[in-house]
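In what follows, a single structure is set out as structure tokens and then discussed.
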Amino acid sequence: MPLTDLTLAECLALRPDLDEPADLDAFWDLTLREARAQGDAPSYTPVDTGLSEVTTHDVTVPGFAGEPVRGWLHLPARATGPLGCVVEFLGYGRGRGLAHEQVLWANAGYAHFIMDTRGQGWSTAGGDTPDTAALVGTVPGFLTRGVESPHDHYYRRVFTDAVRFVDAALAHPSVDPSRTVVTGISQGGGIALAVAGLVPGLAGVMPDVPFLCDIRRGATVAGRPPYTEIAEYLRLHRDRAETVFTTLSYVDAALLAARATAPALFSIAMMDEICPPSTCFAAYHRYGGPKDLRVYEFNGHEGGGGHHRREQLAWVRELLAAPRPGTPHALSVLHDPQLA
């Protein structure tokens, strides 16, 4: 797999000047205040997964406009007292899946919330979260859905769902709100970064090969979808580029990440054709809190895989064991994932 973007040295030196809307903070403040004023309380229904060491609940949380957002809550079966918590957001096109599939964090002793992504994935006994907005883009996918206005854009709804999901996690009696981490891969990593910038007081954030960062550059250099949806849309609508990129700036996770203060562990893959490393580094360099980084020089969008899960497990254990004021920035370049 060839290197298709900037080199590691160039990415480490990169400091892109991103266009930030003057009303970005006001836009999200109003959006979240309106969402928090709507909808019913979260609900939790026990699910029999056949697993003896993990207890699972089917979760419904009021998201954007109070609309129900589905998910899972996994808990260690014999845990007592408020737990450290990991809230996970999913990759592009993925739904929450089956109740027994993703139990790593519960097996490690944490509460684990998984948010379904509206309109994505497949139905699990009615468990999909539909996107109720009538607006659609003129090319397949989600990036151009409602792209003529930030108020109508698809990711305004998704980011709001994610913030409300974190709100529910922080309020759950099994969760220690001071020990809550958000994470995700690709789209999920971009959502996690956005949430870290929109929800104060999180303990940490772990974005892996994050999507939705420096979106304009992504649209010009990515070799594979989803960023290519934007280029395809603008190939058809040649006169709409500034409108499109203005809308997308309101959901650019690299801009929202600058507002975050929680410690972060990033992963970036240097041969990633889906989320080019330069776009991920844009978010890393702008991130507002203390940060660590793991670079996988010879991997594509799969990133660090199980090797990086091991890095995350160790990082979260240390992070949640005690406060970490003044955490230094750290960089680890993993030249050979087999040795990571």
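Residue numbers start at 1 in each chain; chains themselves are named A, B, ... in the order of the structure tokens; ligands are numbered from 1 in the order shown.
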> Which residues come within 10 Å of Arg94 of chain A, counting only C-alpha atoms, excluding same-chain residues fewer than 5 positions away, as a list in words?
Replying inline: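 The neighbour list is Phe89, Asp116, Thr117, Arg118, Gly119, Gln120, Gly121, Trp122, Gln187 and Gly188 of chain A.
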> If we count only C-alpha atoms, what is near Asp214 of chain A at a cut-off of 7 Å, once residues fewer than 3 positions away on the same chain are taken out, given as an MDAnalysis selection string?
Replying inline: chainID A and resid 217:218 252 254 279 282
>> When DSSP is applied to the backbone of this structure, which of segment 99-231 of chain A are assigned helix (DSSP H, G or I)? Write them out as number ranges by chain.
In response: A: 104-107, 154-171, 187-198, 215-221, 228-231
Go ahead and save the picked residues with N, CA and C atoms, as a tab-separated table (two decimals), in the first residue's frame.
```
chain	number	residue	atom	x	y	z
A	104	LEU	N	-15.66	-5.78	24.97
A	104	LEU	CA	-14.29	-5.65	25.46
A	104	LEU	C	-14.21	-4.76	26.69
A	105	TRP	N	-14.82	-3.58	26.64
A	105	TRP	CA	-14.65	-2.62	27.73
A	105	TRP	C	-15.36	-3.08	28.99
A	106	ALA	N	-16.48	-3.76	28.86
A	106	ALA	CA	-17.13	-4.32	30.05
A	106	ALA	C	-16.28	-5.43	30.66
A	107	ASN	N	-15.64	-6.24	29.81
A	107	ASN	CA	-14.75	-7.28	30.33
A	107	ASN	C	-13.53	-6.69	31.01
A	154	TYR	N	-26.79	16.75	8.25
A	154	TYR	CA	-26.91	15.45	8.92
A	154	TYR	C	-26.08	15.38	10.19
A	155	TYR	N	-24.83	15.86	10.16
A	155	TYR	CA	-23.97	15.68	11.33
A	155	TYR	C	-24.31	16.64	12.47
A	156	ARG	N	-25.10	17.66	12.20
A	156	ARG	CA	-25.63	18.43	13.33
A	156	ARG	C	-26.51	17.53	14.19
A	157	ARG	N	-27.30	16.70	13.54
A	157	ARG	CA	-28.16	15.78	14.27
A	157	ARG	C	-27.33	14.70	14.97
A	158	VAL	N	-26.34	14.15	14.27
A	158	VAL	CA	-25.54	13.07	14.86
A	158	VAL	C	-24.73	13.56	16.05
A	159	PHE	N	-24.08	14.71	15.92
A	159	PHE	CA	-23.30	15.24	17.04
A	159	PHE	C	-24.19	15.53	18.24
A	160	THR	N	-25.39	16.03	17.98
A	160	THR	CA	-26.33	16.29	19.08
A	160	THR	C	-26.75	14.98	19.74
A	161	ASP	N	-27.06	13.96	18.94
A	161	ASP	CA	-27.36	12.64	19.50
A	161	ASP	C	-26.23	12.19	20.42
A	162	ALA	N	-24.98	12.37	19.96
A	162	ALA	CA	-23.83	11.89	20.73
A	162	ALA	C	-23.69	12.63	22.05
A	163	VAL	N	-23.89	13.95	22.04
A	163	VAL	CA	-23.83	14.71	23.29
A	163	VAL	C	-24.91	14.24	24.25
A	164	ARG	N	-26.10	14.01	23.76
A	164	ARG	CA	-27.19	13.56	24.64
A	164	ARG	C	-26.91	12.14	25.16
A	165	PHE	N	-26.25	11.32	24.34
A	165	PHE	CA	-25.88	9.98	24.80
A	165	PHE	C	-24.87	10.07	25.94
A	166	VAL	N	-23.91	10.97	25.81
A	166	VAL	CA	-22.95	11.18	26.89
A	166	VAL	C	-23.64	11.74	28.13
A	167	ASP	N	-24.59	12.66	27.93
A	167	ASP	CA	-25.37	13.17	29.06
A	167	ASP	C	-26.02	12.01	29.83
A	168	ALA	N	-26.59	11.06	29.09
A	168	ALA	CA	-27.25	9.92	29.72
A	168	ALA	C	-26.24	9.06	30.48
A	169	ALA	N	-25.07	8.84	29.87
A	169	ALA	CA	-24.04	8.05	30.54
A	169	ALA	C	-23.59	8.71	31.83
A	170	LEU	N	-23.37	10.02	31.80
A	170	LEU	CA	-22.90	10.74	32.98
A	170	LEU	C	-23.90	10.68	34.12
A	171	ALA	N	-25.18	10.55	33.78
A	171	ALA	CA	-26.23	10.55	34.80
A	171	ALA	C	-26.60	9.15	35.27
A	187	GLN	N	-15.44	7.53	11.58
A	187	GLN	CA	-16.54	8.43	11.91
A	187	GLN	C	-16.71	8.54	13.42
A	188	GLY	N	-16.61	7.42	14.11
A	188	GLY	CA	-16.73	7.44	15.56
A	188	GLY	C	-15.66	8.28	16.23
A	189	GLY	N	-14.44	8.29	15.64
A	189	GLY	CA	-13.38	9.13	16.18
A	189	GLY	C	-13.67	10.60	15.99
A	190	GLY	N	-14.22	10.97	14.84
A	190	GLY	CA	-14.61	12.36	14.62
A	190	GLY	C	-15.71	12.78	15.57
A	191	ILE	N	-16.69	11.91	15.78
A	191	ILE	CA	-17.77	12.21	16.73
A	191	ILE	C	-17.20	12.39	18.13
A	192	ALA	N	-16.28	11.49	18.53
A	192	ALA	CA	-15.68	11.59	19.86
A	192	ALA	C	-14.96	12.92	20.04
A	193	LEU	N	-14.22	13.36	19.02
A	193	LEU	CA	-13.53	14.65	19.11
A	193	LEU	C	-14.53	15.80	19.24
A	194	ALA	N	-15.60	15.75	18.46
A	194	ALA	CA	-16.61	16.80	18.55
A	194	ALA	C	-17.23	16.84	19.94
A	195	VAL	N	-17.56	15.67	20.48
A	195	VAL	CA	-18.16	15.61	21.82
A	195	VAL	C	-17.19	16.15	22.86
A	196	ALA	N	-15.89	15.81	22.71
A	196	ALA	CA	-14.90	16.31	23.66
A	196	ALA	C	-14.85	17.83	23.67
A	197	GLY	N	-15.13	18.44	22.52
A	197	GLY	CA	-15.15	19.90	22.45
A	197	GLY	C	-16.45	20.52	22.91
A	198	LEU	N	-17.51	19.70	22.99
A	198	LEU	CA	-18.84	20.22	23.33
A	198	LEU	C	-19.29	19.89	24.74
A	215	ILE	N	-12.16	18.94	6.79
A	215	ILE	CA	-13.01	18.31	5.79
A	215	ILE	C	-12.70	18.78	4.38
A	216	ARG	N	-12.36	20.06	4.24
A	216	ARG	CA	-12.07	20.56	2.89
A	216	ARG	C	-10.85	19.84	2.30
A	217	ARG	N	-9.81	19.67	3.10
A	217	ARG	CA	-8.65	18.93	2.58
A	217	ARG	C	-9.02	17.47	2.30
A	218	GLY	N	-9.79	16.87	3.18
A	218	GLY	CA	-10.22	15.50	2.95
A	218	GLY	C	-10.91	15.32	1.61
A	219	ALA	N	-11.72	16.31	1.24
A	219	ALA	CA	-12.45	16.22	-0.03
A	219	ALA	C	-11.53	16.32	-1.23
A	220	THR	N	-10.33	16.87	-1.04
A	220	THR	CA	-9.43	17.06	-2.17
A	220	THR	C	-8.35	15.98	-2.27
A	221	VAL	N	-8.06	15.27	-1.19
A	221	VAL	CA	-6.95	14.30	-1.23
A	221	VAL	C	-7.35	12.86	-0.96
A	228	THR	N	-14.98	11.45	-0.62
A	228	THR	CA	-15.22	11.59	-2.05
A	228	THR	C	-16.66	11.95	-2.37
A	229	GLU	N	-17.59	11.74	-1.42
A	229	GLU	CA	-18.97	12.17	-1.64
A	229	GLU	C	-19.05	13.67	-1.88
A	230	ILE	N	-18.20	14.42	-1.18
A	230	ILE	CA	-18.22	15.88	-1.34
A	230	ILE	C	-17.72	16.26	-2.73
A	231	ALA	N	-16.63	15.65	-3.15
A	231	ALA	CA	-16.10	15.94	-4.48
A	231	ALA	C	-17.11	15.57	-5.55
```
Counting only C-alpha atoms, which residues of segment 197-236 of chain A fall within 12 Å of segment 283-301 of chain A, and what is the closest atom pair for each with its distance in Å at one decimal, ordered by chain and rising number, as JSON lines?
```
{"residue": "A:Gly197", "atom": "CA", "partner": "A:Gly288", "partner_atom": "CA", "distance": 8.4}
{"residue": "A:Leu198", "atom": "CA", "partner": "A:Gly288", "partner_atom": "CA", "distance": 12.0}
{"residue": "A:Pro200", "atom": "CA", "partner": "A:Gly289", "partner_atom": "CA", "distance": 11.4}
{"residue": "A:Gly201", "atom": "CA", "partner": "A:Gly289", "partner_atom": "CA", "distance": 11.5}
{"residue": "A:Leu202", "atom": "CA", "partner": "A:Gly289", "partner_atom": "CA", "distance": 11.0}
{"residue": "A:Ala203", "atom": "CA", "partner": "A:Gly289", "partner_atom": "CA", "distance": 10.9}
{"residue": "A:Gly204", "atom": "CA", "partner": "A:Gly289", "partner_atom": "CA", "distance": 9.4}
{"residue": "A:Val205", "atom": "CA", "partner": "A:Lys291", "partner_atom": "CA", "distance": 9.2}
{"residue": "A:Met206", "atom": "CA", "partner": "A:Asp292", "partner_atom": "CA", "distance": 9.5}
{"residue": "A:Pro207", "atom": "CA", "partner": "A:Tyr284", "partner_atom": "CA", "distance": 9.5}
{"residue": "A:Asp208", "atom": "CA", "partner": "A:Arg294", "partner_atom": "CA", "distance": 9.3}
{"residue": "A:Val209", "atom": "CA", "partner": "A:His301", "partner_atom": "CA", "distance": 6.8}
{"residue": "A:Pro210", "atom": "CA", "partner": "A:Ala283", "partner_atom": "CA", "distance": 8.5}
{"residue": "A:Phe211", "atom": "CA", "partner": "A:Ala283", "partner_atom": "CA", "distance": 9.8}
{"residue": "A:Leu212", "atom": "CA", "partner": "A:Ala283", "partner_atom": "CA", "distance": 9.4}
{"residue": "A:Cys213", "atom": "CA", "partner": "A:Ala283", "partner_atom": "CA", "distance": 6.0}
{"residue": "A:Asp214", "atom": "CA", "partner": "A:Ala283", "partner_atom": "CA", "distance": 7.4}
{"residue": "A:Ile215", "atom": "CA", "partner": "A:Ala283", "partner_atom": "CA", "distance": 10.6}
{"residue": "A:Ala222", "atom": "CA", "partner": "A:His301", "partner_atom": "CA", "distance": 11.5}
{"residue": "A:Gly223", "atom": "CA", "partner": "A:His301", "partner_atom": "CA", "distance": 11.6}
{"residue": "A:Arg224", "atom": "CA", "partner": "A:His301", "partner_atom": "CA", "distance": 10.4}
{"residue": "A:Pro225", "atom": "CA", "partner": "A:His301", "partner_atom": "CA", "distance": 11.5}
```
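Each of A:Trp72, A:Tyr250, A:Tyr44, A:Trp28 was compared to His100 of chain A using only C-alpha atoms, and A:Trp72 turns out to be the nearest.
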>> What parts of segment 63-278 of chain A does DSSP call strand (DSSP E or B)? I'd like the answer as a ChimeraX atom specification.
In response: /A:68-76,83-89,111-115,175-185,204-208,264-269
>> Please determine, counting only C-alpha atoms, which residue among A:Thr45, A:Ser278, A:Thr80, A:Gln312 has the shortest atom-to-atom distance to Glu10 of chain A.
In response: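 Going through A:Thr45, A:Ser278, A:Thr80, A:Gln312 one by one, the smallest distance to Glu10 of chain A is for A:Ser278.
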Dump as a Markdown table the rows for residues of segment 3-71 of chain A within 12 Å of segment 149-153 of chain A: closest atom pair and distance in Å with one decimal, only C-alpha atoms counted, ordered by chain and rising residue number.
```
| residue | atom | partner | partner_atom | distance |
| --- | --- | --- | --- | --- |
| A:Pro21 | CA | A:Pro150 | CA | 10.6 |
| A:Asp23 | CA | A:Pro150 | CA | 11.3 |
| A:Leu24 | CA | A:Pro150 | CA | 10.2 |
| A:Phe27 | CA | A:His151 | CA | 8.6 |
| A:Trp28 | CA | A:His151 | CA | 10.1 |
| A:Leu30 | CA | A:His151 | CA | 10.8 |
| A:Thr31 | CA | A:His151 | CA | 8.8 |
| A:Phe64 | CA | A:Asp152 | CA | 11.6 |
```
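Of the listed residues (A:Cys11, A:Val136, A:Ile274, A:Leu256), A:Ile274 comes nearest to Tyr92 of chain A; the distances count only C-alpha atoms.
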> Which residue out of A:Tyr233, A:Ala253, A:Cys85, A:Ala260 has the minimum interatomic distance to Glu20 of chain A when only C-alpha atoms are used?
Replying inline: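 Of A:Tyr233, A:Ala253, A:Cys85, A:Ala260, the one nearest Glu20 of chain A is A:Ala253, counting only C-alpha atoms.
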> When distances are computed from only C-alpha atoms, which of A:Leu83, A:Cys275, A:Ala99, A:Arg240 shows the smallest separation from Asp48 of chain A?
Replying inline: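 Ranking A:Leu83, A:Cys275, A:Ala99, A:Arg240 by distance to Asp48 of chain A, first place goes to A:Ala99.
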Skipping near chain neighbours, those fewer than 3 positions away, what residues fall within 8 Å of Leu12 of chain A using only C-alpha atoms, listed as a PDB file with C-alpha atoms, in the first residue's frame?
```
ATOM      1  CA  LEU A   8       5.201  11.741   8.735  1.00  0.00           C
ATOM      2  CA  ALA A   9       7.714  14.604   9.029  1.00  0.00           C
ATOM      3  CA  PHE A 281      -2.987  15.516  12.177  1.00  0.00           C
TER       4      PHE A 281
END
```
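One finds atom CA of Ala35 of chain A at 29.3 Å from atom CA of Thr55 of chain A.
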